[in-house]
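Novice: Structure incoming, see below.
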Amino acid sequence: MPELSELPVLPREFYAQPTIEVARGLLGQAIVHGDRAGRIVEVEAYVASYKGISDQAAHSSRGLTPRTRVIFGPPGHAYVYLIYGIHECLNIVAEPEGTPGCVLIRALEPLVNLPPASGPGKLTRALGISRSHYGHDLLHPPLTIRQLIPPNGRPPETIATSPRIGIRHCAEWPLRFFLRGNPHVSRR
DNA sequence: CTGGTGATGCAC
DNA sequence: TGCATCACCAGG
């Protein structure tokens, strides 16, 4: 394990790509918050539209509001929201500024000072991330995403695809991506 | 399977 | 102003 602060931070151009490419590209990379770090092993894409159909499961589908503002802003920032009154969920903003799109981080493999964190609510708790990080620029400490592999490289494990978990709209769309066989991927 | 918990968006 | 909804999790 190299020194975390020496790992390159993922550049702005990476996040400006289409959301699905950002989602796949985030797999195998490191989330670093202070002295804690984990490797991303499971994500979901939330887009403006997929195959010409509007993604009604995406928070941005109801337009620009105080909560969704950051999703329409410049890429590489954190969208954090509260769900079911208890759990905070971390999303990464993708697409060029003005186009909504974000990636939900669903599970991490522990790297440094992190307990197992399978599931979007558990991982924010484990990393110490909350709504106070809403809009944080992920190119700057203390919360960064750093490359363990080249920005558009392939992780050693195969990337598997499945429907997104826990949603009602667009339930069959294959927008969940995870590292096949990784034991830290969340259960279905 | 169920209940807890509170912000959000929209109907009225 | 009310209320249905919600990208979750722990417990049984």
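Chain labels A, B, ... are given in the sequence in which chains occur in the structure tokens; within each chain residues are numbered consecutively from 1, and ligands are likewise numbered from 1 in the order shown.
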Could you give me, as a tab-separated table, every chain B residue with an atom at most 12 Å from chain A, plus its closest atom pair and distance in Å to one decimal, counting only C-alpha atoms (C1' of nucleotides), rows ordered by chain then number?
Specialist:
```
residue	atom	partner	partner_atom	distance
B:DG3	C1'	A:Tyr84	CA	11.5
B:DG4	C1'	A:Gly85	CA	8.3
B:DT5	C1'	A:Gly85	CA	4.1
B:DG6	C1'	A:Gly85	CA	4.1
B:DA7	C1'	A:Leu82	CA	7.1
B:DT8	C1'	A:Arg67	CA	8.4
B:DG9	C1'	A:Arg62	CA	8.6
B:DC10	C1'	A:Arg62	CA	10.7
```
Novice: Could the residues in this selection be written to a file with N, CA, C and O atoms (P, O5', C5', C4', C3', O3' and C1' of nucleotides), as a PDB file, in the first residue's frame?
Specialist:
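Heads up, here's the output in out13.pdb:
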```
ATOM      1  P    DG B   3     -44.499  -2.388  11.477  1.00  0.00           P
ATOM      2  O5'  DG B   3     -43.439  -1.517  12.270  1.00  0.00           O
ATOM      3  C5'  DG B   3     -42.692  -2.109  13.338  1.00  0.00           C
ATOM      4  C4'  DG B   3     -41.494  -1.226  13.643  1.00  0.00           C
ATOM      5  C3'  DG B   3     -41.800   0.261  13.646  1.00  0.00           C
ATOM      6  O3'  DG B   3     -41.053   0.846  14.689  1.00  0.00           O
ATOM      7  C1'  DG B   3     -40.093  -0.162  12.072  1.00  0.00           C
ATOM      8  P    DG B   4     -41.445   2.357  15.217  1.00  0.00           P
ATOM      9  O5'  DG B   4     -40.068   3.111  14.967  1.00  0.00           O
ATOM     10  C5'  DG B   4     -38.882   2.590  15.517  1.00  0.00           C
ATOM     11  C4'  DG B   4     -37.693   3.306  14.925  1.00  0.00           C
ATOM     12  C3'  DG B   4     -37.879   4.832  14.863  1.00  0.00           C
ATOM     13  O3'  DG B   4     -36.707   5.431  15.367  1.00  0.00           O
ATOM     14  C1'  DG B   4     -37.286   3.991  12.728  1.00  0.00           C
ATOM     15  P    DT B   5     -36.825   6.833  16.130  1.00  0.00           P
ATOM     16  O5'  DT B   5     -36.439   7.850  14.979  1.00  0.00           O
ATOM     17  C5'  DT B   5     -35.101   7.881  14.485  1.00  0.00           C
ATOM     18  C4'  DT B   5     -35.078   8.558  13.138  1.00  0.00           C
ATOM     19  C3'  DT B   5     -35.853   9.876  13.111  1.00  0.00           C
ATOM     20  O3'  DT B   5     -34.944  10.932  13.375  1.00  0.00           O
ATOM     21  C1'  DT B   5     -36.239   8.546  11.158  1.00  0.00           C
ATOM     22  P    DG B   6     -35.576  12.406  13.654  1.00  0.00           P
ATOM     23  O5'  DG B   6     -35.597  13.080  12.215  1.00  0.00           O
ATOM     24  C5'  DG B   6     -34.386  13.429  11.580  1.00  0.00           C
ATOM     25  C4'  DG B   6     -34.683  13.891  10.160  1.00  0.00           C
ATOM     26  C3'  DG B   6     -35.584  15.132  10.064  1.00  0.00           C
ATOM     27  O3'  DG B   6     -35.188  15.836   8.898  1.00  0.00           O
ATOM     28  C1'  DG B   6     -36.526  13.442   8.844  1.00  0.00           C
ATOM     29  P    DA B   7     -34.825  17.414   8.997  1.00  0.00           P
ATOM     30  O5'  DA B   7     -34.440  17.697   7.473  1.00  0.00           O
ATOM     31  C5'  DA B   7     -33.486  16.849   6.877  1.00  0.00           C
ATOM     32  C4'  DA B   7     -33.828  16.628   5.418  1.00  0.00           C
ATOM     33  C3'  DA B   7     -34.319  17.864   4.676  1.00  0.00           C
ATOM     34  O3'  DA B   7     -33.668  17.851   3.430  1.00  0.00           O
ATOM     35  C1'  DA B   7     -35.905  16.114   4.452  1.00  0.00           C
ATOM     36  P    DT B   8     -33.737  19.138   2.442  1.00  0.00           P
ATOM     37  O5'  DT B   8     -34.763  18.678   1.325  1.00  0.00           O
ATOM     38  C5'  DT B   8     -34.547  17.435   0.682  1.00  0.00           C
ATOM     39  C4'  DT B   8     -35.804  17.053  -0.082  1.00  0.00           C
ATOM     40  C3'  DT B   8     -36.411  18.203  -0.883  1.00  0.00           C
ATOM     41  O3'  DT B   8     -36.238  17.885  -2.238  1.00  0.00           O
ATOM     42  C1'  DT B   8     -38.060  16.858   0.214  1.00  0.00           C
ATOM     43  P    DG B   9     -36.456  18.994  -3.388  1.00  0.00           P
ATOM     44  O5'  DG B   9     -37.908  18.622  -3.952  1.00  0.00           O
ATOM     45  C5'  DG B   9     -38.176  17.287  -4.340  1.00  0.00           C
ATOM     46  C4'  DG B   9     -39.647  17.122  -4.634  1.00  0.00           C
ATOM     47  C3'  DG B   9     -40.262  18.268  -5.435  1.00  0.00           C
ATOM     48  O3'  DG B   9     -41.181  17.695  -6.334  1.00  0.00           O
ATOM     49  C1'  DG B   9     -41.414  18.033  -3.392  1.00  0.00           C
ATOM     50  P    DC B  10     -41.739  18.508  -7.587  1.00  0.00           P
ATOM     51  O5'  DC B  10     -43.315  18.365  -7.377  1.00  0.00           O
ATOM     52  C5'  DC B  10     -43.869  17.087  -7.080  1.00  0.00           C
ATOM     53  C4'  DC B  10     -45.184  17.265  -6.370  1.00  0.00           C
ATOM     54  C3'  DC B  10     -46.071  18.363  -6.983  1.00  0.00           C
ATOM     55  O3'  DC B  10     -47.377  17.870  -7.067  1.00  0.00           O
ATOM     56  C1'  DC B  10     -45.879  18.670  -4.679  1.00  0.00           C
TER      57       DC B  10
END
```
Novice: Just list the residues in range 10-135 of chain A DSSP gives strand (DSSP E) on the backbone, as a ChimeraX atom specification.
Specialist: /A:30-33,36-47,49-50,53-54,78-83,87-93,101-112,117-118
Novice: Show me, as JSON, numbers by chain, the residues that have an atom within 12 Å of Leu138 in chain A when counting only C-alpha atoms (C1' of nucleotides), minus same-chain residues fewer than 5 positions from it.
Specialist: {"A": [9, 10, 11, 12, 14, 15, 30, 31, 32, 33, 74, 75, 76, 77, 78, 79, 90, 91, 92, 93, 94, 133, 143, 144, 145, 146]}
Novice: Keeping only N, CA and C atoms, write those residues as a PDB file, in the first residue's frame.
Specialist:
```pdb
ATOM      1  N   VAL A   9      -4.396  12.579  -7.402  1.00  0.00           N
ATOM      2  CA  VAL A   9      -5.831  12.848  -7.315  1.00  0.00           C
ATOM      3  C   VAL A   9      -6.426  12.725  -8.713  1.00  0.00           C
ATOM      4  N   LEU A  10      -7.586  12.107  -8.826  1.00  0.00           N
ATOM      5  CA  LEU A  10      -8.229  12.015 -10.145  1.00  0.00           C
ATOM      6  C   LEU A  10      -8.529  13.418 -10.664  1.00  0.00           C
ATOM      7  N   PRO A  11      -8.199  13.689 -11.939  1.00  0.00           N
ATOM      8  CA  PRO A  11      -8.314  15.049 -12.481  1.00  0.00           C
ATOM      9  C   PRO A  11      -9.740  15.412 -12.896  1.00  0.00           C
ATOM     10  N   ARG A  12      -9.981  16.705 -13.033  1.00  0.00           N
ATOM     11  CA  ARG A  12     -11.314  17.210 -13.388  1.00  0.00           C
ATOM     12  C   ARG A  12     -11.834  16.560 -14.675  1.00  0.00           C
ATOM     13  N   PHE A  14     -11.522  13.697 -15.831  1.00  0.00           N
ATOM     14  CA  PHE A  14     -12.084  12.370 -15.623  1.00  0.00           C
ATOM     15  C   PHE A  14     -13.579  12.452 -15.321  1.00  0.00           C
ATOM     16  N   TYR A  15     -13.940  13.384 -14.414  1.00  0.00           N
ATOM     17  CA  TYR A  15     -15.329  13.488 -13.969  1.00  0.00           C
ATOM     18  C   TYR A  15     -16.240  14.093 -15.035  1.00  0.00           C
ATOM     19  N   ALA A  30      -9.408   4.898  -5.020  1.00  0.00           N
ATOM     20  CA  ALA A  30      -9.432   5.069  -3.566  1.00  0.00           C
ATOM     21  C   ALA A  30     -10.178   6.340  -3.167  1.00  0.00           C
ATOM     22  N   ILE A  31     -11.084   6.211  -2.189  1.00  0.00           N
ATOM     23  CA  ILE A  31     -11.643   7.390  -1.520  1.00  0.00           C
ATOM     24  C   ILE A  31     -10.830   7.613  -0.258  1.00  0.00           C
ATOM     25  N   VAL A  32     -10.314   8.836  -0.111  1.00  0.00           N
ATOM     26  CA  VAL A  32      -9.501   9.165   1.057  1.00  0.00           C
ATOM     27  C   VAL A  32     -10.179  10.298   1.815  1.00  0.00           C
ATOM     28  N   HIS A  33     -10.439  10.068   3.106  1.00  0.00           N
ATOM     29  CA  HIS A  33     -10.955  11.147   3.958  1.00  0.00           C
ATOM     30  C   HIS A  33     -10.087  11.207   5.204  1.00  0.00           C
ATOM     31  N   PRO A  74     -20.363  21.946 -11.739  1.00  0.00           N
ATOM     32  CA  PRO A  74     -19.147  21.376 -12.314  1.00  0.00           C
ATOM     33  C   PRO A  74     -18.862  19.976 -11.752  1.00  0.00           C
ATOM     34  N   PRO A  75     -18.251  19.119 -12.563  1.00  0.00           N
ATOM     35  CA  PRO A  75     -17.991  17.731 -12.157  1.00  0.00           C
ATOM     36  C   PRO A  75     -16.900  17.635 -11.101  1.00  0.00           C
ATOM     37  N   GLY A  76     -16.884  16.473 -10.412  1.00  0.00           N
ATOM     38  CA  GLY A  76     -15.833  16.243  -9.430  1.00  0.00           C
ATOM     39  C   GLY A  76     -16.171  16.755  -8.045  1.00  0.00           C
ATOM     40  N   HIS A  77     -17.456  17.036  -7.807  1.00  0.00           N
ATOM     41  CA  HIS A  77     -17.886  17.498  -6.496  1.00  0.00           C
ATOM     42  C   HIS A  77     -18.770  16.443  -5.827  1.00  0.00           C
ATOM     43  N   ALA A  78     -18.957  16.575  -4.506  1.00  0.00           N
ATOM     44  CA  ALA A  78     -19.726  15.586  -3.749  1.00  0.00           C
ATOM     45  C   ALA A  78     -21.184  16.017  -3.623  1.00  0.00           C
ATOM     46  N   TYR A  79     -22.084  15.101  -3.912  1.00  0.00           N
ATOM     47  CA  TYR A  79     -23.516  15.281  -3.640  1.00  0.00           C
ATOM     48  C   TYR A  79     -23.874  14.324  -2.514  1.00  0.00           C
ATOM     49  N   LEU A  90     -23.359   9.161  -0.340  1.00  0.00           N
ATOM     50  CA  LEU A  90     -22.335   9.929  -1.066  1.00  0.00           C
ATOM     51  C   LEU A  90     -22.426   9.650  -2.558  1.00  0.00           C
ATOM     52  N   ASN A  91     -22.555  10.710  -3.323  1.00  0.00           N
ATOM     53  CA  ASN A  91     -22.546  10.637  -4.787  1.00  0.00           C
ATOM     54  C   ASN A  91     -21.439  11.514  -5.336  1.00  0.00           C
ATOM     55  N   ILE A  92     -20.925  11.137  -6.523  1.00  0.00           N
ATOM     56  CA  ILE A  92     -19.905  11.918  -7.203  1.00  0.00           C
ATOM     57  C   ILE A  92     -20.519  12.540  -8.450  1.00  0.00           C
ATOM     58  N   VAL A  93     -20.408  13.860  -8.588  1.00  0.00           N
ATOM     59  CA  VAL A  93     -20.996  14.555  -9.729  1.00  0.00           C
ATOM     60  C   VAL A  93     -20.161  14.307 -10.986  1.00  0.00           C
ATOM     61  N   ALA A  94     -20.835  13.921 -12.077  1.00  0.00           N
ATOM     62  CA  ALA A  94     -20.187  13.661 -13.360  1.00  0.00           C
ATOM     63  C   ALA A  94     -20.743  14.616 -14.425  1.00  0.00           C
ATOM     64  N   HIS A 133     -20.436  17.786   3.874  1.00  0.00           N
ATOM     65  CA  HIS A 133     -19.545  17.657   2.712  1.00  0.00           C
ATOM     66  C   HIS A 133     -20.268  17.956   1.402  1.00  0.00           C
ATOM     67  N   LEU A 143     -11.101  15.468   1.641  1.00  0.00           N
ATOM     68  CA  LEU A 143     -11.849  14.384   0.986  1.00  0.00           C
ATOM     69  C   LEU A 143     -11.502  14.350  -0.494  1.00  0.00           C
ATOM     70  N   THR A 144     -10.797  13.310  -0.906  1.00  0.00           N
ATOM     71  CA  THR A 144     -10.333  13.212  -2.294  1.00  0.00           C
ATOM     72  C   THR A 144     -10.594  11.804  -2.833  1.00  0.00           C
ATOM     73  N   ILE A 145     -10.559  11.692  -4.155  1.00  0.00           N
ATOM     74  CA  ILE A 145     -10.524  10.377  -4.780  1.00  0.00           C
ATOM     75  C   ILE A 145      -9.204  10.282  -5.528  1.00  0.00           C
ATOM     76  N   ARG A 146      -8.454   9.223  -5.232  1.00  0.00           N
ATOM     77  CA  ARG A 146      -7.095   9.088  -5.753  1.00  0.00           C
ATOM     78  C   ARG A 146      -6.957   7.810  -6.557  1.00  0.00           C
TER      79      ARG A 146
END
```
Novice: Do you have the CA of Arg164 in chain A-CA of Tyr50 in chain A distance handy?
Specialist: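 About the pair CA of Arg164 in chain A and CA of Tyr50 in chain A: they are 13.4 Å apart.
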Novice: Taking only C-alpha atoms (C1' of nucleotides) into account, which residues of chain A are within 12 Å of chain C, as a ChimeraX atom specification?
Specialist: /A:43-46,56-59,80-91,102-106,118-125,163-171,175-176,186
Novice: I need the residues of range 67-111 of chain A that end up classed as helix (DSSP H, G or I) by DSSP on the backbone, written out as a list in words.
Specialist: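 The helix (DSSP H, G or I) subset of range 67-111 of chain A is Arg69, Val70, Ile71 and Phe72 of chain A.
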Novice: Can you spit out the residues from that selection as a PDB file, in the first residue's frame, using N, CA, C and O atoms?
Specialist:
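The resulting again_10.pdb:
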```pdb
ATOM      1  N   ARG A  69     -28.906  21.172  -6.698  1.00  0.00           N
ATOM      2  CA  ARG A  69     -28.074  22.200  -7.350  1.00  0.00           C
ATOM      3  C   ARG A  69     -26.696  21.675  -7.743  1.00  0.00           C
ATOM      4  O   ARG A  69     -26.227  21.866  -8.870  1.00  0.00           O
ATOM      5  N   VAL A  70     -26.049  20.956  -6.840  1.00  0.00           N
ATOM      6  CA  VAL A  70     -24.663  20.545  -7.103  1.00  0.00           C
ATOM      7  C   VAL A  70     -24.576  19.538  -8.247  1.00  0.00           C
ATOM      8  O   VAL A  70     -23.569  19.461  -8.950  1.00  0.00           O
ATOM      9  N   ILE A  71     -25.662  18.787  -8.476  1.00  0.00           N
ATOM     10  CA  ILE A  71     -25.656  17.778  -9.549  1.00  0.00           C
ATOM     11  C   ILE A  71     -25.580  18.441 -10.920  1.00  0.00           C
ATOM     12  O   ILE A  71     -25.105  17.843 -11.881  1.00  0.00           O
ATOM     13  N   PHE A  72     -26.075  19.702 -10.997  1.00  0.00           N
ATOM     14  CA  PHE A  72     -26.043  20.440 -12.260  1.00  0.00           C
ATOM     15  C   PHE A  72     -24.768  21.264 -12.400  1.00  0.00           C
ATOM     16  O   PHE A  72     -24.558  21.895 -13.424  1.00  0.00           O
TER      17      PHE A  72
END
```
Novice: Just to confirm, what's the straight-line distance from CA of Thr19 in chain A to CA of Gly101 in chain A in Å (one decimal)?
Specialist: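 Atom-to-atom, CA of Thr19 in chain A and CA of Gly101 in chain A are spaced 5.7 Å apart.
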Novice: Please measure the separation of CA of Ala160 in chain A and CA of Leu179 in chain A, giving the value in Å to one decimal.
Specialist: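 We find that CA of Ala160 in chain A and CA of Leu179 in chain A lie 6.1 Å from each other.
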